[in-house]
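For reference, entry_26.pdb is printed below; it contains PDB, C-alpha atoms and all ligand atoms.
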```pdb
ATOM      1  CA  MET A   8     -58.448  35.773   2.134  1.00  0.00           C
ATOM      2  CA  LYS A   9     -56.871  36.651  -1.197  1.00  0.00           C
ATOM      3  CA  GLY A  10     -53.194  37.515  -1.469  1.00  0.00           C
ATOM      4  CA  THR A  11     -51.590  40.682  -2.826  1.00  0.00           C
ATOM      5  CA  LEU A  12     -49.580  41.298  -5.977  1.00  0.00           C
ATOM      6  CA  TYR A  13     -46.649  43.621  -5.362  1.00  0.00           C
ATOM      7  CA  VAL A  14     -45.314  45.314  -8.497  1.00  0.00           C
ATOM      8  CA  VAL A  15     -41.694  45.808  -7.526  1.00  0.00           C
ATOM      9  CA  ALA A  16     -39.249  48.040  -9.396  1.00  0.00           C
ATOM     10  CA  THR A  17     -35.690  46.696  -9.595  1.00  0.00           C
ATOM     11  CA  PRO A  18     -32.445  48.355 -10.791  1.00  0.00           C
ATOM     12  CA  ILE A  19     -31.824  49.314 -14.434  1.00  0.00           C
ATOM     13  CA  GLY A  20     -28.125  48.491 -14.113  1.00  0.00           C
ATOM     14  CA  ASN A  21     -26.551  49.479 -10.824  1.00  0.00           C
ATOM     15  CA  LEU A  22     -27.643  46.909  -8.225  1.00  0.00           C
ATOM     16  CA  GLY A  23     -27.654  49.623  -5.562  1.00  0.00           C
ATOM     17  CA  ASP A  24     -30.706  51.251  -7.129  1.00  0.00           C
ATOM     18  CA  ILE A  25     -33.389  49.381  -5.230  1.00  0.00           C
ATOM     19  CA  THR A  26     -35.465  50.638  -2.326  1.00  0.00           C
ATOM     20  CA  LEU A  27     -35.387  49.265   1.222  1.00  0.00           C
ATOM     21  CA  ARG A  28     -39.088  48.550   0.885  1.00  0.00           C
ATOM     22  CA  ALA A  29     -38.539  46.552  -2.313  1.00  0.00           C
ATOM     23  CA  ILE A  30     -35.980  44.361  -0.524  1.00  0.00           C
ATOM     24  CA  GLU A  31     -38.300  43.882   2.433  1.00  0.00           C
ATOM     25  CA  VAL A  32     -41.188  42.859   0.113  1.00  0.00           C
ATOM     26  CA  LEU A  33     -38.994  40.474  -1.922  1.00  0.00           C
ATOM     27  CA  LYS A  34     -37.954  38.798   1.333  1.00  0.00           C
ATOM     28  CA  ARG A  35     -41.517  38.549   2.628  1.00  0.00           C
ATOM     29  CA  VAL A  36     -43.561  37.298  -0.359  1.00  0.00           C
ATOM     30  CA  ASP A  37     -44.303  33.626  -1.051  1.00  0.00           C
ATOM     31  CA  LEU A  38     -43.181  33.760  -4.678  1.00  0.00           C
ATOM     32  CA  ILE A  39     -41.408  36.096  -7.101  1.00  0.00           C
ATOM     33  CA  ALA A  40     -42.622  36.185 -10.709  1.00  0.00           C
ATOM     34  CA  CYS A  41     -39.807  37.397 -12.957  1.00  0.00           C
ATOM     35  CA  GLU A  42     -38.899  37.506 -16.671  1.00  0.00           C
ATOM     36  CA  ASP A  43     -35.605  35.639 -16.590  1.00  0.00           C
ATOM     37  CA  THR A  44     -34.846  33.634 -13.447  1.00  0.00           C
ATOM     38  CA  ARG A  45     -31.069  33.772 -14.060  1.00  0.00           C
ATOM     39  CA  HIS A  46     -31.176  37.559 -14.240  1.00  0.00           C
ATOM     40  CA  THR A  47     -33.312  37.955 -11.101  1.00  0.00           C
ATOM     41  CA  LYS A  48     -31.177  35.455  -9.164  1.00  0.00           C
ATOM     42  CA  ILE A  49     -28.180  37.795  -9.535  1.00  0.00           C
ATOM     43  CA  LEU A  50     -30.125  40.577  -7.833  1.00  0.00           C
ATOM     44  CA  LEU A  51     -31.522  38.306  -5.127  1.00  0.00           C
ATOM     45  CA  SER A  52     -28.187  36.758  -4.264  1.00  0.00           C
ATOM     46  CA  HIS A  53     -26.648  40.265  -4.037  1.00  0.00           C
ATOM     47  CA  TYR A  54     -29.174  40.985  -1.265  1.00  0.00           C
ATOM     48  CA  GLY A  55     -29.044  37.509   0.302  1.00  0.00           C
ATOM     49  CA  ILE A  56     -32.639  36.725  -0.654  1.00  0.00           C
ATOM     50  CA  LYS A  57     -33.577  33.078  -1.191  1.00  0.00           C
ATOM     51  CA  LYS A  58     -36.992  32.741  -2.749  1.00  0.00           C
ATOM     52  CA  THR A  59     -38.947  30.553  -5.148  1.00  0.00           C
ATOM     53  CA  LEU A  60     -39.057  32.093  -8.619  1.00  0.00           C
ATOM     54  CA  THR A  61     -41.409  31.537 -11.531  1.00  0.00           C
ATOM     55  CA  SER A  62     -40.738  33.016 -14.951  1.00  0.00           C
ATOM     56  CA  TYR A  63     -43.210  34.876 -17.144  1.00  0.00           C
ATOM     57  CA  PHE A  64     -42.261  36.226 -20.528  1.00  0.00           C
ATOM     58  CA  GLU A  65     -43.832  37.339 -23.784  1.00  0.00           C
ATOM     59  CA  HIS A  66     -44.727  33.826 -24.984  1.00  0.00           C
ATOM     60  CA  ASN A  67     -46.093  32.263 -21.785  1.00  0.00           C
ATOM     61  CA  LYS A  68     -47.592  35.354 -20.184  1.00  0.00           C
ATOM     62  CA  GLN A  69     -51.241  34.253 -20.635  1.00  0.00           C
ATOM     63  CA  LYS A  70     -50.690  30.839 -19.077  1.00  0.00           C
ATOM     64  CA  LYS A  71     -48.457  32.224 -16.363  1.00  0.00           C
ATOM     65  CA  ALA A  72     -50.975  34.952 -15.533  1.00  0.00           C
ATOM     66  CA  GLU A  73     -53.547  32.213 -14.847  1.00  0.00           C
ATOM     67  CA  TYR A  74     -51.099  30.367 -12.576  1.00  0.00           C
ATOM     68  CA  ILE A  75     -50.243  33.558 -10.644  1.00  0.00           C
ATOM     69  CA  LEU A  76     -53.934  34.357 -10.323  1.00  0.00           C
ATOM     70  CA  GLU A  77     -54.706  30.933  -8.869  1.00  0.00           C
ATOM     71  CA  LEU A  78     -52.020  31.350  -6.211  1.00  0.00           C
ATOM     72  CA  LEU A  79     -53.223  34.855  -5.314  1.00  0.00           C
ATOM     73  CA  LYS A  80     -56.772  33.531  -4.955  1.00  0.00           C
ATOM     74  CA  LYS A  81     -55.409  30.933  -2.501  1.00  0.00           C
ATOM     75  CA  GLY A  82     -53.977  33.730  -0.378  1.00  0.00           C
ATOM     76  CA  LYS A  83     -50.348  33.704  -1.545  1.00  0.00           C
ATOM     77  CA  ASN A  84     -48.499  37.031  -1.775  1.00  0.00           C
ATOM     78  CA  ILE A  85     -46.518  37.470  -4.974  1.00  0.00           C
ATOM     79  CA  ALA A  86     -43.939  40.024  -6.138  1.00  0.00           C
ATOM     80  CA  LEU A  87     -43.798  40.815  -9.843  1.00  0.00           C
ATOM     81  CA  VAL A  88     -40.404  42.016 -11.099  1.00  0.00           C
ATOM     82  CA  SER A  89     -39.010  42.474 -14.603  1.00  0.00           C
ATOM     83  CA  ASP A  90     -35.450  42.219 -15.890  1.00  0.00           C
ATOM     84  CA  ALA A  91     -34.970  45.920 -15.241  1.00  0.00           C
ATOM     85  CA  GLY A  92     -36.874  48.883 -13.883  1.00  0.00           C
ATOM     86  CA  THR A  93     -40.594  49.077 -13.362  1.00  0.00           C
ATOM     87  CA  PRO A  94     -42.662  46.025 -14.361  1.00  0.00           C
ATOM     88  CA  GLY A  95     -45.295  46.729 -16.993  1.00  0.00           C
ATOM     89  CA  ILE A  96     -43.404  49.595 -18.616  1.00  0.00           C
ATOM     90  CA  SER A  97     -42.444  48.203 -22.062  1.00  0.00           C
ATOM     91  CA  ASP A  98     -42.167  44.699 -20.662  1.00  0.00           C
ATOM     92  CA  PRO A  99     -44.631  41.800 -20.314  1.00  0.00           C
ATOM     93  CA  GLY A 100     -45.882  42.671 -16.803  1.00  0.00           C
ATOM     94  CA  TYR A 101     -49.021  44.385 -18.086  1.00  0.00           C
ATOM     95  CA  ARG A 102     -51.028  41.196 -18.801  1.00  0.00           C
ATOM     96  CA  VAL A 103     -50.559  39.805 -15.306  1.00  0.00           C
ATOM     97  CA  ILE A 104     -51.352  43.131 -13.646  1.00  0.00           C
ATOM     98  CA  ARG A 105     -54.539  43.575 -15.694  1.00  0.00           C
ATOM     99  CA  ASP A 106     -55.774  40.049 -14.950  1.00  0.00           C
ATOM    100  CA  VAL A 107     -55.135  40.484 -11.245  1.00  0.00           C
ATOM    101  CA  ILE A 108     -57.061  43.789 -11.193  1.00  0.00           C
ATOM    102  CA  ASP A 109     -59.954  42.228 -13.143  1.00  0.00           C
ATOM    103  CA  ASN A 110     -60.166  39.562 -10.434  1.00  0.00           C
ATOM    104  CA  GLU A 111     -60.422  42.216  -7.724  1.00  0.00           C
ATOM    105  CA  ILE A 112     -57.154  41.262  -6.130  1.00  0.00           C
ATOM    106  CA  GLU A 113     -55.073  43.982  -4.522  1.00  0.00           C
ATOM    107  CA  VAL A 114     -52.111  45.348  -6.512  1.00  0.00           C
ATOM    108  CA  ILE A 115     -49.533  47.415  -4.654  1.00  0.00           C
ATOM    109  CA  SER A 116     -46.805  49.479  -6.305  1.00  0.00           C
ATOM    110  CA  ILE A 117     -43.295  49.365  -4.890  1.00  0.00           C
ATOM    111  CA  PRO A 118     -41.824  52.177  -6.989  1.00  0.00           C
ATOM    112  CA  GLY A 119     -38.211  52.667  -8.025  1.00  0.00           C
ATOM    113  CA  ALA A 120     -36.011  52.800 -11.101  1.00  0.00           C
ATOM    114  CA  ASN A 121     -37.375  53.455 -14.578  1.00  0.00           C
ATOM    115  CA  ALA A 122     -35.158  54.189 -17.574  1.00  0.00           C
ATOM    116  CA  ALA A 123     -37.553  56.683 -19.191  1.00  0.00           C
ATOM    117  CA  ILE A 124     -37.854  58.934 -16.139  1.00  0.00           C
ATOM    118  CA  ALA A 125     -34.170  58.615 -15.236  1.00  0.00           C
ATOM    119  CA  ALA A 126     -33.232  59.759 -18.760  1.00  0.00           C
ATOM    120  CA  LEU A 127     -35.813  62.540 -18.926  1.00  0.00           C
ATOM    121  CA  ALA A 128     -34.649  63.998 -15.622  1.00  0.00           C
ATOM    122  CA  VAL A 129     -31.090  64.553 -16.893  1.00  0.00           C
ATOM    123  CA  SER A 130     -31.975  65.336 -20.508  1.00  0.00           C
ATOM    124  CA  GLY A 131     -32.374  69.075 -20.053  1.00  0.00           C
ATOM    125  CA  MET A 132     -35.608  68.889 -22.068  1.00  0.00           C
ATOM    126  CA  PRO A 133     -38.882  70.374 -20.804  1.00  0.00           C
ATOM    127  CA  THR A 134     -40.332  68.036 -18.176  1.00  0.00           C
ATOM    128  CA  ASP A 135     -43.610  69.821 -17.446  1.00  0.00           C
ATOM    129  CA  ARG A 136     -45.364  67.781 -20.136  1.00  0.00           C
ATOM    130  CA  PHE A 137     -43.990  64.710 -21.826  1.00  0.00           C
ATOM    131  CA  MET A 138     -45.090  61.622 -23.661  1.00  0.00           C
ATOM    132  CA  PHE A 139     -43.722  58.113 -23.283  1.00  0.00           C
ATOM    133  CA  GLU A 140     -43.708  56.400 -26.677  1.00  0.00           C
ATOM    134  CA  GLY A 141     -41.927  53.147 -25.736  1.00  0.00           C
ATOM    135  CA  PHE A 142     -40.163  51.472 -28.663  1.00  0.00           C
ATOM    136  CA  LEU A 143     -40.554  53.100 -32.086  1.00  0.00           C
ATOM    137  CA  PRO A 144     -41.663  50.735 -34.903  1.00  0.00           C
ATOM    138  CA  ASN A 145     -38.936  48.419 -36.267  1.00  0.00           C
ATOM    139  CA  LYS A 146     -39.293  49.309 -39.934  1.00  0.00           C
ATOM    140  CA  THR A 147     -38.360  52.650 -41.471  1.00  0.00           C
ATOM    141  CA  THR A 148     -41.690  53.354 -43.208  1.00  0.00           C
ATOM    142  CA  ALA A 149     -43.728  52.742 -40.047  1.00  0.00           C
ATOM    143  CA  ARG A 150     -41.165  54.574 -37.927  1.00  0.00           C
ATOM    144  CA  LYS A 151     -41.227  57.685 -40.111  1.00  0.00           C
ATOM    145  CA  LYS A 152     -45.026  57.670 -40.061  1.00  0.00           C
ATOM    146  CA  LYS A 153     -44.986  57.488 -36.268  1.00  0.00           C
ATOM    147  CA  LEU A 154     -42.402  60.294 -36.040  1.00  0.00           C
ATOM    148  CA  LEU A 155     -44.611  62.500 -38.210  1.00  0.00           C
ATOM    149  CA  GLU A 156     -47.523  61.935 -35.810  1.00  0.00           C
ATOM    150  CA  LEU A 157     -45.284  62.693 -32.838  1.00  0.00           C
ATOM    151  CA  ALA A 158     -44.061  65.944 -34.387  1.00  0.00           C
ATOM    152  CA  ASP A 159     -47.502  67.474 -33.898  1.00  0.00           C
ATOM    153  CA  ILE A 160     -47.566  66.704 -30.212  1.00  0.00           C
ATOM    154  CA  LYS A 161     -45.249  69.537 -29.153  1.00  0.00           C
ATOM    155  CA  LYS A 162     -44.285  67.817 -25.929  1.00  0.00           C
ATOM    156  CA  THR A 163     -41.074  66.121 -24.905  1.00  0.00           C
ATOM    157  CA  ILE A 164     -41.125  62.569 -26.255  1.00  0.00           C
ATOM    158  CA  ILE A 165     -39.372  59.603 -24.642  1.00  0.00           C
ATOM    159  CA  CYS A 166     -38.516  56.499 -26.699  1.00  0.00           C
ATOM    160  CA  TYR A 167     -36.707  53.288 -25.831  1.00  0.00           C
ATOM    161  CA  GLU A 168     -34.241  51.952 -28.391  1.00  0.00           C
ATOM    162  CA  SER A 169     -32.015  48.927 -28.899  1.00  0.00           C
ATOM    163  CA  PRO A 170     -28.379  49.070 -30.079  1.00  0.00           C
ATOM    164  CA  HIS A 171     -29.411  47.342 -33.330  1.00  0.00           C
ATOM    165  CA  ARG A 172     -31.765  50.120 -34.360  1.00  0.00           C
ATOM    166  CA  ILE A 173     -30.352  53.275 -32.811  1.00  0.00           C
ATOM    167  CA  LEU A 174     -28.559  54.436 -35.984  1.00  0.00           C
ATOM    168  CA  ALA A 175     -31.559  53.745 -38.218  1.00  0.00           C
ATOM    169  CA  SER A 176     -33.872  55.536 -35.796  1.00  0.00           C
ATOM    170  CA  LEU A 177     -31.568  58.556 -35.586  1.00  0.00           C
ATOM    171  CA  GLN A 178     -31.446  58.679 -39.380  1.00  0.00           C
ATOM    172  CA  ASP A 179     -35.261  58.698 -39.529  1.00  0.00           C
ATOM    173  CA  ILE A 180     -35.505  61.339 -36.805  1.00  0.00           C
ATOM    174  CA  LYS A 181     -33.073  63.459 -38.804  1.00  0.00           C
ATOM    175  CA  ASP A 182     -35.083  62.948 -42.002  1.00  0.00           C
ATOM    176  CA  VAL A 183     -38.473  63.634 -40.447  1.00  0.00           C
ATOM    177  CA  LEU A 184     -37.845  66.056 -37.585  1.00  0.00           C
ATOM    178  CA  GLY A 185     -34.858  67.946 -38.997  1.00  0.00           C
ATOM    179  CA  SER A 186     -33.414  70.131 -36.272  1.00  0.00           C
ATOM    180  CA  ALA A 187     -35.348  68.748 -33.292  1.00  0.00           C
ATOM    181  CA  GLU A 188     -33.343  68.903 -30.076  1.00  0.00           C
ATOM    182  CA  LEU A 189     -32.355  65.425 -28.831  1.00  0.00           C
ATOM    183  CA  ALA A 190     -30.736  63.768 -25.855  1.00  0.00           C
ATOM    184  CA  ILE A 191     -29.599  60.173 -25.835  1.00  0.00           C
ATOM    185  CA  ALA A 192     -29.031  58.449 -22.523  1.00  0.00           C
ATOM    186  CA  ARG A 193     -26.995  55.280 -22.857  1.00  0.00           C
ATOM    187  CA  GLU A 194     -26.373  52.655 -20.183  1.00  0.00           C
ATOM    188  CA  ILE A 195     -27.847  54.751 -17.368  1.00  0.00           C
ATOM    189  CA  THR A 196     -26.378  53.808 -13.950  1.00  0.00           C
ATOM    190  CA  LYS A 197     -23.872  51.419 -15.590  1.00  0.00           C
ATOM    191  CA  LYS A 198     -20.114  51.557 -16.152  1.00  0.00           C
ATOM    192  CA  PHE A 199     -20.293  53.119 -19.619  1.00  0.00           C
ATOM    193  CA  GLU A 200     -23.113  55.529 -18.825  1.00  0.00           C
ATOM    194  CA  GLU A 201     -23.236  58.585 -21.057  1.00  0.00           C
ATOM    195  CA  ILE A 202     -25.641  61.270 -22.097  1.00  0.00           C
ATOM    196  CA  LYS A 203     -25.249  63.037 -25.422  1.00  0.00           C
ATOM    197  CA  ARG A 204     -27.233  66.064 -26.455  1.00  0.00           C
ATOM    198  CA  GLY A 205     -27.567  67.654 -29.879  1.00  0.00           C
ATOM    199  CA  SER A 206     -29.381  67.355 -33.188  1.00  0.00           C
ATOM    200  CA  ALA A 207     -30.069  63.978 -34.799  1.00  0.00           C
ATOM    201  CA  GLU A 208     -27.329  64.760 -37.313  1.00  0.00           C
ATOM    202  CA  GLU A 209     -24.753  65.454 -34.591  1.00  0.00           C
ATOM    203  CA  LEU A 210     -25.712  62.367 -32.601  1.00  0.00           C
ATOM    204  CA  LEU A 211     -25.749  60.184 -35.689  1.00  0.00           C
ATOM    205  CA  SER A 212     -22.251  61.295 -36.521  1.00  0.00           C
ATOM    206  CA  TYR A 213     -21.118  60.636 -32.913  1.00  0.00           C
ATOM    207  CA  PHE A 214     -22.597  57.143 -32.705  1.00  0.00           C
ATOM    208  CA  LYS A 215     -21.285  56.220 -36.156  1.00  0.00           C
ATOM    209  CA  GLN A 216     -17.789  56.879 -34.846  1.00  0.00           C
ATOM    210  CA  HIS A 217     -18.236  54.819 -31.671  1.00  0.00           C
ATOM    211  CA  LYS A 218     -19.197  51.195 -31.147  1.00  0.00           C
ATOM    212  CA  VAL A 219     -22.940  51.186 -30.603  1.00  0.00           C
ATOM    213  CA  ARG A 220     -23.421  49.089 -27.492  1.00  0.00           C
ATOM    214  CA  GLY A 221     -25.843  48.958 -24.601  1.00  0.00           C
ATOM    215  CA  GLU A 222     -29.305  50.261 -23.925  1.00  0.00           C
ATOM    216  CA  PHE A 223     -30.623  53.607 -25.064  1.00  0.00           C
ATOM    217  CA  VAL A 224     -33.306  56.131 -24.257  1.00  0.00           C
ATOM    218  CA  ILE A 225     -33.971  58.821 -26.851  1.00  0.00           C
ATOM    219  CA  ILE A 226     -35.513  62.079 -25.665  1.00  0.00           C
ATOM    220  CA  ILE A 227     -36.903  64.330 -28.367  1.00  0.00           C
ATOM    221  CA  ASN A 228     -37.959  67.946 -28.022  1.00  0.00           C
ATOM    222  CA  PRO A 229     -39.955  68.415 -31.227  1.00  0.00           C
ATOM    223  CA  LYS A 230     -40.606  72.113 -30.577  1.00  0.00           C
ATOM    224  CA  LYS A 231     -37.708  73.283 -32.718  1.00  0.00           C
ATOM    225  CA  ALA A 232     -38.269  70.656 -35.389  1.00  0.00           C
ATOM    226  CA  VAL A 233     -38.561  71.654 -39.012  1.00  0.00           C
ATOM    227  CA  ILE A 234     -40.844  68.895 -40.150  1.00  0.00           C
ATOM    228  CA  ARG A 235     -40.118  67.292 -43.497  1.00  0.00           C
ATOM    229  CA  LYS A 236     -43.173  65.548 -44.867  1.00  0.00           C
TER     230      LYS A 236
HETATM  231  N1  LIG B 301     -39.302  48.224 -17.511  1.00  0.00           N
HETATM  232  C1  LIG B 301     -38.125  48.970 -17.902  1.00  0.00           C
HETATM  233  C2  LIG B 301     -38.140  50.365 -17.271  1.00  0.00           C
HETATM  234  O1  LIG B 301     -38.856  50.573 -16.295  1.00  0.00           O
HETATM  235  O2  LIG B 301     -37.418  51.254 -17.727  1.00  0.00           O
HETATM  236  C3  LIG B 301     -37.963  49.012 -19.421  1.00  0.00           C
HETATM  237  C4  LIG B 301     -37.912  47.658 -20.060  1.00  0.00           C
HETATM  238  S1  LIG B 301     -37.682  47.687 -21.809  1.00  0.00           S
HETATM  239  C5  LIG B 301     -37.891  45.993 -22.182  1.00  0.00           C
HETATM  240  C6  LIG B 301     -35.937  47.828 -22.007  1.00  0.00           C
HETATM  241  C7  LIG B 301     -35.533  49.158 -22.621  1.00  0.00           C
HETATM  242  O3  LIG B 301     -35.435  50.146 -21.607  1.00  0.00           O
HETATM  243  C8  LIG B 301     -34.158  49.123 -23.265  1.00  0.00           C
HETATM  244  O4  LIG B 301     -34.194  48.660 -24.604  1.00  0.00           O
HETATM  245  C9  LIG B 301     -33.731  50.583 -23.201  1.00  0.00           C
HETATM  246  O5  LIG B 301     -34.345  51.333 -24.232  1.00  0.00           O
HETATM  247  C10 LIG B 301     -34.348  51.014 -21.851  1.00  0.00           C
HETATM  248  N2  LIG B 301     -33.362  50.833 -20.766  1.00  0.00           N
HETATM  249  C11 LIG B 301     -33.401  49.923 -19.771  1.00  0.00           C
HETATM  250  N3  LIG B 301     -32.327  50.072 -18.963  1.00  0.00           N
HETATM  251  C12 LIG B 301     -31.605  51.101 -19.456  1.00  0.00           C
HETATM  252  C13 LIG B 301     -30.381  51.735 -19.074  1.00  0.00           C
HETATM  253  N4  LIG B 301     -29.689  51.341 -18.017  1.00  0.00           N
HETATM  254  N5  LIG B 301     -29.940  52.763 -19.836  1.00  0.00           N
HETATM  255  C14 LIG B 301     -30.624  53.187 -20.915  1.00  0.00           C
HETATM  256  N6  LIG B 301     -31.788  52.617 -21.326  1.00  0.00           N
HETATM  257  C15 LIG B 301     -32.264  51.592 -20.611  1.00  0.00           C
END
```

Could you write out this structure as structure tokens?
Ligand code: SAM
Amino acid sequence: MKGTLYVVATPIGNLGDITLRAIEVLKRVDLIACEDTRHTKILLSHYGIKKTLTSYFEHNKQKKAEYILELLKKGKNIALVSDAGTPGISDPGYRVIRDVIDNEIEVISIPGANAAIAALAVSGMPTDRFMFEGFLPNKTTARKKKLLELADIKKTIICYESPHRILASLQDIKDVLGSAELAIAREITKKFEEIKRGSAEELLSYFKQHKVRGEFVIIINPKKAVIRK
């Protein structure tokens, strides 16, 4: 009999944000596939879980997917976790999950933390319809082009952003979407958690005056945007 792949959400900062079921599954499986073994070991040791780990990341994901598949075919049960949040959402879990599905092996979701949904829920932006955009393009020209496309969508947009690009992205949002309403959630569930709401201009000015550190989610309500083409 084939094994099962459990797609297990882990905390996005605060180690308390994990479900009882996730802990039970992590204890029960034969192997845990993770991005960075050092990172996952911190979580496991917090919960007293001793388990064999194997790492998958952007550059070995094809090879590692084959390895995971072989074990599942032999009847092993495997948990897939990422460094933070829900595997497959803007991290390399997708390839493994797809390959497992294509081989008609059972995939079970163990839901939990996700930065996009956590940020959206406290953003104060409309939540009835929204679009997850993941990371915006790295370069200004491509980013502005993408923002112009997004402006037409008229739904709340959720983007992930790194500390290195947050100022440049805010500048482009200001240039392209003018007065769009924004919320920026930084370091959700962590010590320096904050949520700032305002226009791109206001948020740009705020983050220029403070050290830009940590992880960011940008929520954009393009409805009030005055688009500048
Ligand atoms: N799989 C993860 C999830 O379910 O949210 C996302 C992984 S993606 C590689 C990492 C990005 O998620 C970060 O660059 C940041 O934009 C966002 N993120 C993750 N943790 C966060 C946190 N605690 N606060 C704010 N943003 C966070």

Rank nothing, just name the residue among A:Ser169, A:Thr147, A:Ser186, A:Thr26 nearest to ligand LIG 301 (chain B), using only C-alpha atoms and all ligand atoms.
A:Ser169

Set the distance at 10 Å and use all atoms listed in the file: which residues neighbour Ser206 (chain A) once local chain neighbours fewer than 5 positions away are removed? I'd like the list as a list in words.
Leu177, Ile180, Lys181, Leu184, Gly185, Ser186, Ala187, Glu188, Leu189, Ala190, Leu211, Ser212, Ile227 and Ala232 of chain A

Apply the PyMOL selection byres (((not hetatm)) within 6 of (chain B and resi 301)) to the displayed file and report the matching residues as a short mmCIF file (atom, residue, chain, number, x, y, z; two decimals) with C-alpha atoms, in the coordinates of the input.
```
data_model
loop_
_atom_site.label_atom_id
_atom_site.label_comp_id
_atom_site.auth_asym_id
_atom_site.auth_seq_id
_atom_site.Cartn_x
_atom_site.Cartn_y
_atom_site.Cartn_z
CA ILE A 19 -31.82 49.31 -14.43
CA GLY A 20 -28.12 48.49 -14.11
CA ALA A 91 -34.97 45.92 -15.24
CA GLY A 92 -36.87 48.88 -13.88
CA THR A 93 -40.59 49.08 -13.36
CA PRO A 94 -42.66 46.02 -14.36
CA ILE A 96 -43.40 49.60 -18.62
CA SER A 97 -42.44 48.20 -22.06
CA ASP A 98 -42.17 44.70 -20.66
CA ASN A 121 -37.38 53.46 -14.58
CA ALA A 122 -35.16 54.19 -17.57
CA ALA A 123 -37.55 56.68 -19.19
CA TYR A 167 -36.71 53.29 -25.83
CA GLU A 168 -34.24 51.95 -28.39
CA SER A 169 -32.02 48.93 -28.90
CA ALA A 192 -29.03 58.45 -22.52
CA ARG A 193 -27.00 55.28 -22.86
CA GLU A 194 -26.37 52.66 -20.18
CA ILE A 195 -27.85 54.75 -17.37
CA THR A 196 -26.38 53.81 -13.95
CA GLU A 222 -29.30 50.26 -23.92
CA PHE A 223 -30.62 53.61 -25.06
CA VAL A 224 -33.31 56.13 -24.26
#
```

Close residues, Asn84 (chain A) itself excluded, 10 Å, all atoms listed in the file, min 4 positions apart in chain, as a list in words:
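Listing them by chain and then by number gives Lys9, Gly10, Thr11, Leu12, Tyr13, Val32, Arg35, Val36, Asp37, Leu38, Ile39, Ile75, Leu78, Leu79, Lys80 and Glu113 of chain A.
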
Please measure the separation of CA of Ile191 (chain A) and CA of Arg204 (chain A), giving the value in Å to one decimal.
6.4 Å

Which residue is closest to Ala16 (chain A)? Choose from A:Gly82, A:Pro133, A:Pro99, A:Gly119 and count all atoms listed in the file.
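Checking each candidate against Ala16 (chain A), we get A:Gly119 as the closest.
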